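Student: This is the structure I have questions about; it appears just below.
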Amino acid sequence: MSEPARAAVLMALADGRALAATTLAAEAKVAPSTASGHLGRLVEGGLVTVESSGRHRYFRLAAPEVAAALEALARLAPHQQVRSLSQGTHAEAIRRARTCYDHLAGRLGVALLDALVATGALHVQEAGEGSDPVLGAGRARTYLLTDDGRSRL
């Protein structure tokens, strides 16, 4: 995971889609032959799976736990300085809206959650006694779909 091209491949797969090796090579900014070597190691390490469709091979994260590990590591990683317009545009798009394996994220994801709670479509149930608010960050609440929310959605 620590090799920059492998990290870029994993982050490109974090939204849960299966992508072709050529697409992942472009995301990682490496030659297709280099990407193939990295993908082989990621498959061998159990982080990525491969699916064949005709003569094409598509790669995806092996499990939701891989996406969770990527998110946890991303929170620990030092902030990277934006050095180009394309990096700035990409970073802004990620902050605005993104999917991450099994959930919505970014400012729009947070705004959608807030709106669903504010309008009564979701009920927030705080974690029970004994839960750790630090280690359980993001998991200290459960969101329940209300009857009104079910009919509206």
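Every chain in the structure tokens takes a letter, A first, then B, and so on in the order presented; its residues are numbered from 1, and the ligands are numbered from 1 following the presented order.
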Find the residues around Arg57 (chain A) up to 12 Å (only C-alpha atoms counted), leave out those fewer than 2 positions away in its own chain, and share them as a list in words.

Tutor: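 After dropping sequence-adjacent residues, the list is Ala18, Leu19, Ala20, Ala21, Thr22, Thr23, Leu24, Ser36, Leu39, Gly40, Thr49, Val50, Glu51, Ser52, Ser53, Gly54, Arg55, Phe59 and Arg60 of chain A.
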
Student: How would the residues just chosen look if you wrote them out with all heavy atoms as a short mmCIF file (atom, residue, chain, number, x, y, z; two decimals), in the first residue's frame?

Tutor:
data_model
loop_
_atom_site.label_atom_id
_atom_site.label_comp_id
_atom_site.auth_asym_id
_atom_site.auth_seq_id
_atom_site.Cartn_x
_atom_site.Cartn_y
_atom_site.Cartn_z
N ALA A 18 -15.48 -1.70 -10.41
CA ALA A 18 -14.42 -2.51 -11.01
C ALA A 18 -13.88 -1.71 -12.19
O ALA A 18 -14.64 -1.21 -13.01
CB ALA A 18 -14.97 -3.85 -11.47
N LEU A 19 -12.56 -1.57 -12.25
CA LEU A 19 -11.94 -0.78 -13.32
C LEU A 19 -10.92 -1.62 -14.08
O LEU A 19 -10.29 -2.51 -13.51
CB LEU A 19 -11.26 0.45 -12.73
CG LEU A 19 -12.17 1.46 -12.04
CD1 LEU A 19 -11.35 2.56 -11.38
CD2 LEU A 19 -13.16 2.06 -13.03
N ALA A 20 -10.75 -1.28 -15.35
CA ALA A 20 -9.78 -1.96 -16.20
C ALA A 20 -8.36 -1.55 -15.82
O ALA A 20 -8.13 -0.45 -15.30
CB ALA A 20 -10.05 -1.63 -17.66
N ALA A 21 -7.42 -2.43 -16.12
CA ALA A 21 -6.02 -2.17 -15.81
C ALA A 21 -5.52 -0.90 -16.49
O ALA A 21 -4.75 -0.13 -15.90
CB ALA A 21 -5.15 -3.36 -16.20
N THR A 22 -5.97 -0.64 -17.72
CA THR A 22 -5.51 0.57 -18.42
C THR A 22 -6.00 1.83 -17.71
O THR A 22 -5.28 2.83 -17.62
CB THR A 22 -5.99 0.58 -19.88
OG1 THR A 22 -7.41 0.35 -19.90
CG2 THR A 22 -5.29 -0.49 -20.70
N THR A 23 -7.22 1.79 -17.20
CA THR A 23 -7.77 2.92 -16.46
C THR A 23 -6.97 3.14 -15.18
O THR A 23 -6.63 4.27 -14.82
CB THR A 23 -9.25 2.68 -16.11
OG1 THR A 23 -9.97 2.47 -17.33
CG2 THR A 23 -9.85 3.85 -15.36
N LEU A 24 -6.64 2.04 -14.50
CA LEU A 24 -5.87 2.14 -13.25
C LEU A 24 -4.45 2.61 -13.51
O LEU A 24 -3.88 3.35 -12.71
CB LEU A 24 -5.89 0.79 -12.53
CG LEU A 24 -7.29 0.39 -12.03
CD1 LEU A 24 -7.30 -1.05 -11.57
CD2 LEU A 24 -7.75 1.33 -10.94
N SER A 36 0.39 -3.46 -14.29
CA SER A 36 0.13 -4.90 -14.25
C SER A 36 0.90 -5.56 -13.10
O SER A 36 0.36 -6.40 -12.38
CB SER A 36 0.52 -5.52 -15.59
OG SER A 36 0.28 -6.91 -15.56
N LEU A 39 -0.77 -4.47 -9.84
CA LEU A 39 -2.05 -5.14 -9.68
C LEU A 39 -1.84 -6.60 -9.27
O LEU A 39 -2.57 -7.13 -8.43
CB LEU A 39 -2.87 -5.04 -10.95
CG LEU A 39 -3.44 -3.65 -11.22
CD1 LEU A 39 -3.93 -3.53 -12.66
CD2 LEU A 39 -4.56 -3.33 -10.25
N GLY A 40 -0.84 -7.23 -9.83
CA GLY A 40 -0.52 -8.61 -9.46
C GLY A 40 -0.19 -8.72 -7.98
O GLY A 40 -0.66 -9.63 -7.28
N THR A 49 -9.38 -7.95 -6.10
CA THR A 49 -9.77 -9.14 -6.86
C THR A 49 -9.83 -8.78 -8.33
O THR A 49 -9.91 -7.60 -8.70
CB THR A 49 -11.15 -9.68 -6.42
OG1 THR A 49 -12.13 -8.68 -6.64
CG2 THR A 49 -11.14 -10.10 -4.96
N VAL A 50 -9.78 -9.79 -9.17
CA VAL A 50 -9.83 -9.57 -10.62
C VAL A 50 -10.96 -10.39 -11.21
O VAL A 50 -11.22 -11.52 -10.78
CB VAL A 50 -8.47 -9.91 -11.28
CG1 VAL A 50 -8.09 -11.36 -11.07
CG2 VAL A 50 -8.46 -9.55 -12.75
N GLU A 51 -11.67 -9.80 -12.16
CA GLU A 51 -12.77 -10.46 -12.86
C GLU A 51 -12.48 -10.35 -14.35
O GLU A 51 -12.11 -9.29 -14.84
CB GLU A 51 -14.09 -9.75 -12.57
CG GLU A 51 -14.44 -9.65 -11.10
CD GLU A 51 -15.52 -8.61 -10.82
OE1 GLU A 51 -16.11 -8.06 -11.78
OE2 GLU A 51 -15.77 -8.36 -9.64
N SER A 52 -12.67 -11.44 -15.07
CA SER A 52 -12.47 -11.43 -16.51
C SER A 52 -13.81 -11.30 -17.21
O SER A 52 -14.81 -11.90 -16.79
CB SER A 52 -11.78 -12.72 -16.96
OG SER A 52 -10.48 -12.75 -16.44
N SER A 53 -13.81 -10.51 -18.27
CA SER A 53 -14.98 -10.36 -19.12
C SER A 53 -14.48 -10.30 -20.54
O SER A 53 -13.93 -9.28 -20.99
CB SER A 53 -15.74 -9.08 -18.76
OG SER A 53 -16.84 -8.92 -19.63
N GLY A 54 -14.62 -11.44 -21.24
CA GLY A 54 -14.02 -11.53 -22.57
C GLY A 54 -12.50 -11.48 -22.43
O GLY A 54 -11.93 -12.19 -21.63
N ARG A 55 -11.88 -10.61 -23.20
CA ARG A 55 -10.42 -10.51 -23.09
C ARG A 55 -9.99 -9.40 -22.14
O ARG A 55 -8.81 -9.10 -22.02
CB ARG A 55 -9.78 -10.31 -24.45
CG ARG A 55 -10.57 -9.47 -25.40
CD ARG A 55 -9.85 -9.22 -26.66
NE ARG A 55 -9.31 -7.86 -26.53
CZ ARG A 55 -8.83 -7.15 -27.49
NH1 ARG A 55 -8.76 -7.62 -28.69
NH2 ARG A 55 -8.38 -5.94 -27.28
N PHE A 59 -10.59 -4.95 -12.14
CA PHE A 59 -10.12 -5.07 -10.76
C PHE A 59 -11.03 -4.29 -9.84
O PHE A 59 -11.55 -3.24 -10.20
CB PHE A 59 -8.68 -4.53 -10.66
CG PHE A 59 -7.72 -5.32 -11.50
CD1 PHE A 59 -7.55 -5.05 -12.85
CD2 PHE A 59 -6.99 -6.36 -10.95
CE1 PHE A 59 -6.67 -5.78 -13.63
CE2 PHE A 59 -6.12 -7.10 -11.72
CZ PHE A 59 -5.95 -6.82 -13.07
N ARG A 60 -11.21 -4.81 -8.61
CA ARG A 60 -11.99 -4.11 -7.59
C ARG A 60 -11.41 -4.46 -6.24
O ARG A 60 -10.67 -5.43 -6.10
CB ARG A 60 -13.47 -4.44 -7.67
CG ARG A 60 -13.86 -5.80 -7.21
CD ARG A 60 -15.38 -6.03 -7.11
NE ARG A 60 -16.05 -5.97 -8.39
CZ ARG A 60 -16.99 -5.07 -8.70
NH1 ARG A 60 -17.39 -4.19 -7.83
NH2 ARG A 60 -17.55 -5.06 -9.87
#

Student: Please provide as a list of chain:residue names all residues within 12 Å of Ser151 (chain A), with the sequence filter that same-chain residues fewer than 6 positions apart are discarded (counting only C-alpha atoms).

Tutor: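 These residues fall inside the cut-off: A:Gly120, A:Ala121, A:Leu122, A:Leu145.
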
Student: Please return, as a PyMOL selection string, all residues of chain A that DSSP assigns to strand (DSSP E or B) on the basis of the backbone.

Tutor: chain A and resi 19-20+48-53+56-61+98-100+103-105+122-126+141-145

Student: Take the residues just selected and output them with C-alpha atoms as a PDB file, in the first residue's frame.

Tutor:
ATOM      1  CA  LEU A  19     -11.941  -0.782 -13.320  1.00  0.00           C
ATOM      2  CA  ALA A  20      -9.782  -1.962 -16.201  1.00  0.00           C
ATOM      3  CA  VAL A  48      -7.847  -6.554  -4.847  1.00  0.00           C
ATOM      4  CA  THR A  49      -9.773  -9.143  -6.860  1.00  0.00           C
ATOM      5  CA  VAL A  50      -9.826  -9.570 -10.616  1.00  0.00           C
ATOM      6  CA  GLU A  51     -12.770 -10.456 -12.860  1.00  0.00           C
ATOM      7  CA  SER A  52     -12.469 -11.433 -16.509  1.00  0.00           C
ATOM      8  CA  SER A  53     -14.980 -10.355 -19.116  1.00  0.00           C
ATOM      9  CA  HIS A  56     -10.632  -7.711 -20.528  1.00  0.00           C
ATOM     10  CA  ARG A  57      -9.759  -7.920 -16.842  1.00  0.00           C
ATOM     11  CA  TYR A  58     -11.418  -5.713 -14.256  1.00  0.00           C
ATOM     12  CA  PHE A  59     -10.116  -5.071 -10.764  1.00  0.00           C
ATOM     13  CA  ARG A  60     -11.990  -4.112  -7.592  1.00  0.00           C
ATOM     14  CA  LEU A  61     -11.284  -3.943  -3.882  1.00  0.00           C
ATOM     15  CA  ARG A  98     -17.842  11.195  -3.617  1.00  0.00           C
ATOM     16  CA  THR A  99     -18.811   7.648  -2.935  1.00  0.00           C
ATOM     17  CA  CYS A 100     -16.581   5.491  -0.865  1.00  0.00           C
ATOM     18  CA  HIS A 103     -21.509   5.125   1.445  1.00  0.00           C
ATOM     19  CA  LEU A 104     -21.833   8.702   0.241  1.00  0.00           C
ATOM     20  CA  ALA A 105     -19.231  11.165   1.429  1.00  0.00           C
ATOM     21  CA  LEU A 122     -34.040   9.413   9.467  1.00  0.00           C
ATOM     22  CA  HIS A 123     -33.971   9.114  13.238  1.00  0.00           C
ATOM     23  CA  VAL A 124     -30.595   9.351  14.985  1.00  0.00           C
ATOM     24  CA  GLN A 125     -30.004   6.808  17.710  1.00  0.00           C
ATOM     25  CA  GLU A 126     -26.975   7.619  19.831  1.00  0.00           C
ATOM     26  CA  ARG A 141     -24.682   6.780  15.977  1.00  0.00           C
ATOM     27  CA  THR A 142     -27.157   4.600  14.171  1.00  0.00           C
ATOM     28  CA  TYR A 143     -29.498   6.097  11.608  1.00  0.00           C
ATOM     29  CA  LEU A 144     -32.948   4.524  11.410  1.00  0.00           C
ATOM     30  CA  LEU A 145     -35.322   5.042   8.502  1.00  0.00           C
TER      31      LEU A 145
END

Student: Can you pull out the residues contacting Ala69 (chain A)? Cut-off 12 Å, using only C-alpha atoms, and skip same-chain residues under 2 positions away; I want them as a list in words.

Tutor: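 These residues fall inside the cut-off: Met1, Ala7, Leu10, Met11, Ala14, Leu47, Leu61, Ala62, Ala63, Pro64, Glu65, Val66, Ala67, Glu71, Ala72, Leu73, Ala74, Arg75, Leu76, Cys100 and Tyr101 of chain A.
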
Student: Would you output that residue set with N, CA, C and O atoms, as a PDB file, in the first residue's frame?

Tutor:
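Below is the file selection-v3.pdb, written as the result:
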ATOM      1  N   MET A   1       0.813  -1.203   0.000  1.00  0.00           N
ATOM      2  CA  MET A   1       0.000   0.000   0.000  1.00  0.00           C
ATOM      3  C   MET A   1       0.854   1.262   0.000  1.00  0.00           C
ATOM      4  O   MET A   1       0.387   2.292  -0.455  1.00  0.00           O
ATOM      5  N   ALA A   7      -0.955   2.812  -4.063  1.00  0.00           N
ATOM      6  CA  ALA A   7      -1.893   3.613  -3.283  1.00  0.00           C
ATOM      7  C   ALA A   7      -2.889   4.308  -4.216  1.00  0.00           C
ATOM      8  O   ALA A   7      -4.092   4.354  -3.930  1.00  0.00           O
ATOM      9  N   LEU A  10      -5.424   1.742  -5.421  1.00  0.00           N
ATOM     10  CA  LEU A  10      -6.388   1.422  -4.369  1.00  0.00           C
ATOM     11  C   LEU A  10      -7.386   2.550  -4.165  1.00  0.00           C
ATOM     12  O   LEU A  10      -8.593   2.305  -4.011  1.00  0.00           O
ATOM     13  N   MET A  11      -6.908   3.786  -4.170  1.00  0.00           N
ATOM     14  CA  MET A  11      -7.822   4.921  -3.997  1.00  0.00           C
ATOM     15  C   MET A  11      -8.785   5.041  -5.180  1.00  0.00           C
ATOM     16  O   MET A  11      -9.943   5.414  -5.002  1.00  0.00           O
ATOM     17  N   ALA A  14     -11.621   2.753  -4.536  1.00  0.00           N
ATOM     18  CA  ALA A  14     -12.305   2.927  -3.249  1.00  0.00           C
ATOM     19  C   ALA A  14     -13.799   3.174  -3.371  1.00  0.00           C
ATOM     20  O   ALA A  14     -14.532   2.987  -2.410  1.00  0.00           O
ATOM     21  N   LEU A  47      -5.799  -7.718  -1.407  1.00  0.00           N
ATOM     22  CA  LEU A  47      -6.447  -6.412  -1.316  1.00  0.00           C
ATOM     23  C   LEU A  47      -7.380  -6.140  -2.489  1.00  0.00           C
ATOM     24  O   LEU A  47      -8.315  -5.351  -2.377  1.00  0.00           O
ATOM     25  N   LEU A  61     -11.729  -3.650  -5.240  1.00  0.00           N
ATOM     26  CA  LEU A  61     -11.284  -3.943  -3.882  1.00  0.00           C
ATOM     27  C   LEU A  61     -11.870  -5.280  -3.453  1.00  0.00           C
ATOM     28  O   LEU A  61     -13.007  -5.605  -3.781  1.00  0.00           O
ATOM     29  N   ALA A  62     -11.094  -6.041  -2.698  1.00  0.00           N
ATOM     30  CA  ALA A  62     -11.499  -7.389  -2.316  1.00  0.00           C
ATOM     31  C   ALA A  62     -12.632  -7.402  -1.297  1.00  0.00           C
ATOM     32  O   ALA A  62     -13.417  -8.346  -1.259  1.00  0.00           O
ATOM     33  N   ALA A  63     -12.732  -6.364  -0.453  1.00  0.00           N
ATOM     34  CA  ALA A  63     -13.730  -6.371   0.608  1.00  0.00           C
ATOM     35  C   ALA A  63     -13.944  -4.958   1.133  1.00  0.00           C
ATOM     36  O   ALA A  63     -13.071  -4.091   0.986  1.00  0.00           O
ATOM     37  N   PRO A  64     -15.082  -4.720   1.778  1.00  0.00           N
ATOM     38  CA  PRO A  64     -15.324  -3.405   2.377  1.00  0.00           C
ATOM     39  C   PRO A  64     -14.269  -3.026   3.420  1.00  0.00           C
ATOM     40  O   PRO A  64     -13.973  -1.858   3.609  1.00  0.00           O
ATOM     41  N   GLU A  65     -13.673  -4.029   4.065  1.00  0.00           N
ATOM     42  CA  GLU A  65     -12.636  -3.753   5.070  1.00  0.00           C
ATOM     43  C   GLU A  65     -11.408  -3.097   4.445  1.00  0.00           C
ATOM     44  O   GLU A  65     -10.726  -2.306   5.093  1.00  0.00           O
ATOM     45  N   VAL A  66     -11.124  -3.392   3.185  1.00  0.00           N
ATOM     46  CA  VAL A  66     -10.005  -2.745   2.495  1.00  0.00           C
ATOM     47  C   VAL A  66     -10.310  -1.260   2.332  1.00  0.00           C
ATOM     48  O   VAL A  66      -9.451  -0.409   2.582  1.00  0.00           O
ATOM     49  N   ALA A  67     -11.547  -0.932   1.951  1.00  0.00           N
ATOM     50  CA  ALA A  67     -11.946   0.475   1.820  1.00  0.00           C
ATOM     51  C   ALA A  67     -11.871   1.177   3.166  1.00  0.00           C
ATOM     52  O   ALA A  67     -11.412   2.322   3.249  1.00  0.00           O
ATOM     53  N   GLU A  71      -9.553   4.440   4.104  1.00  0.00           N
ATOM     54  CA  GLU A  71     -10.066   5.676   4.696  1.00  0.00           C
ATOM     55  C   GLU A  71      -9.322   6.016   5.977  1.00  0.00           C
ATOM     56  O   GLU A  71      -8.990   7.168   6.233  1.00  0.00           O
ATOM     57  N   ALA A  72      -9.058   5.008   6.812  1.00  0.00           N
ATOM     58  CA  ALA A  72      -8.346   5.241   8.070  1.00  0.00           C
ATOM     59  C   ALA A  72      -6.936   5.744   7.802  1.00  0.00           C
ATOM     60  O   ALA A  72      -6.471   6.693   8.444  1.00  0.00           O
ATOM     61  N   LEU A  73      -6.253   5.145   6.848  1.00  0.00           N
ATOM     62  CA  LEU A  73      -4.897   5.586   6.515  1.00  0.00           C
ATOM     63  C   LEU A  73      -4.901   6.978   5.894  1.00  0.00           C
ATOM     64  O   LEU A  73      -4.003   7.782   6.149  1.00  0.00           O
ATOM     65  N   ALA A  74      -5.919   7.270   5.094  1.00  0.00           N
ATOM     66  CA  ALA A  74      -6.007   8.598   4.470  1.00  0.00           C
ATOM     67  C   ALA A  74      -6.163   9.688   5.521  1.00  0.00           C
ATOM     68  O   ALA A  74      -5.640  10.797   5.369  1.00  0.00           O
ATOM     69  N   ARG A  75      -6.876   9.385   6.601  1.00  0.00           N
ATOM     70  CA  ARG A  75      -7.026  10.375   7.677  1.00  0.00           C
ATOM     71  C   ARG A  75      -5.698  10.633   8.387  1.00  0.00           C
ATOM     72  O   ARG A  75      -5.477  11.719   8.913  1.00  0.00           O
ATOM     73  N   LEU A  76      -4.821   9.645   8.402  1.00  0.00           N
ATOM     74  CA  LEU A  76      -3.529   9.791   9.067  1.00  0.00           C
ATOM     75  C   LEU A  76      -2.459  10.414   8.171  1.00  0.00           C
ATOM     76  O   LEU A  76      -1.473  10.944   8.673  1.00  0.00           O
ATOM     77  N   CYS A 100     -17.711   6.235  -1.386  1.00  0.00           N
ATOM     78  CA  CYS A 100     -16.581   5.491  -0.865  1.00  0.00           C
ATOM     79  C   CYS A 100     -17.053   4.095  -0.516  1.00  0.00           C
ATOM     80  O   CYS A 100     -17.608   3.860   0.556  1.00  0.00           O
ATOM     81  N   TYR A 101     -16.892   3.208  -1.453  1.00  0.00           N
ATOM     82  CA  TYR A 101     -17.258   1.806  -1.357  1.00  0.00           C
ATOM     83  C   TYR A 101     -18.743   1.621  -1.063  1.00  0.00           C
ATOM     84  O   TYR A 101     -19.493   1.268  -1.932  1.00  0.00           O
TER      85      TYR A 101
END

Student: Hey, can you check how far CA of Ala28 (chain A) sits from CA of Ala8 (chain A)?

Tutor: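 CA of Ala8 (chain A) lies at a distance of 5.1 Å from CA of Ala28 (chain A).
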
Student: May I have all residues of chain A that DSSP, computed from the backbone, assigns to alpha helix (DSSP H), given as number ranges by chain?

Tutor: A: 4-13, 21-28, 32-44, 64-76, 85-96, 106-118, 147-152
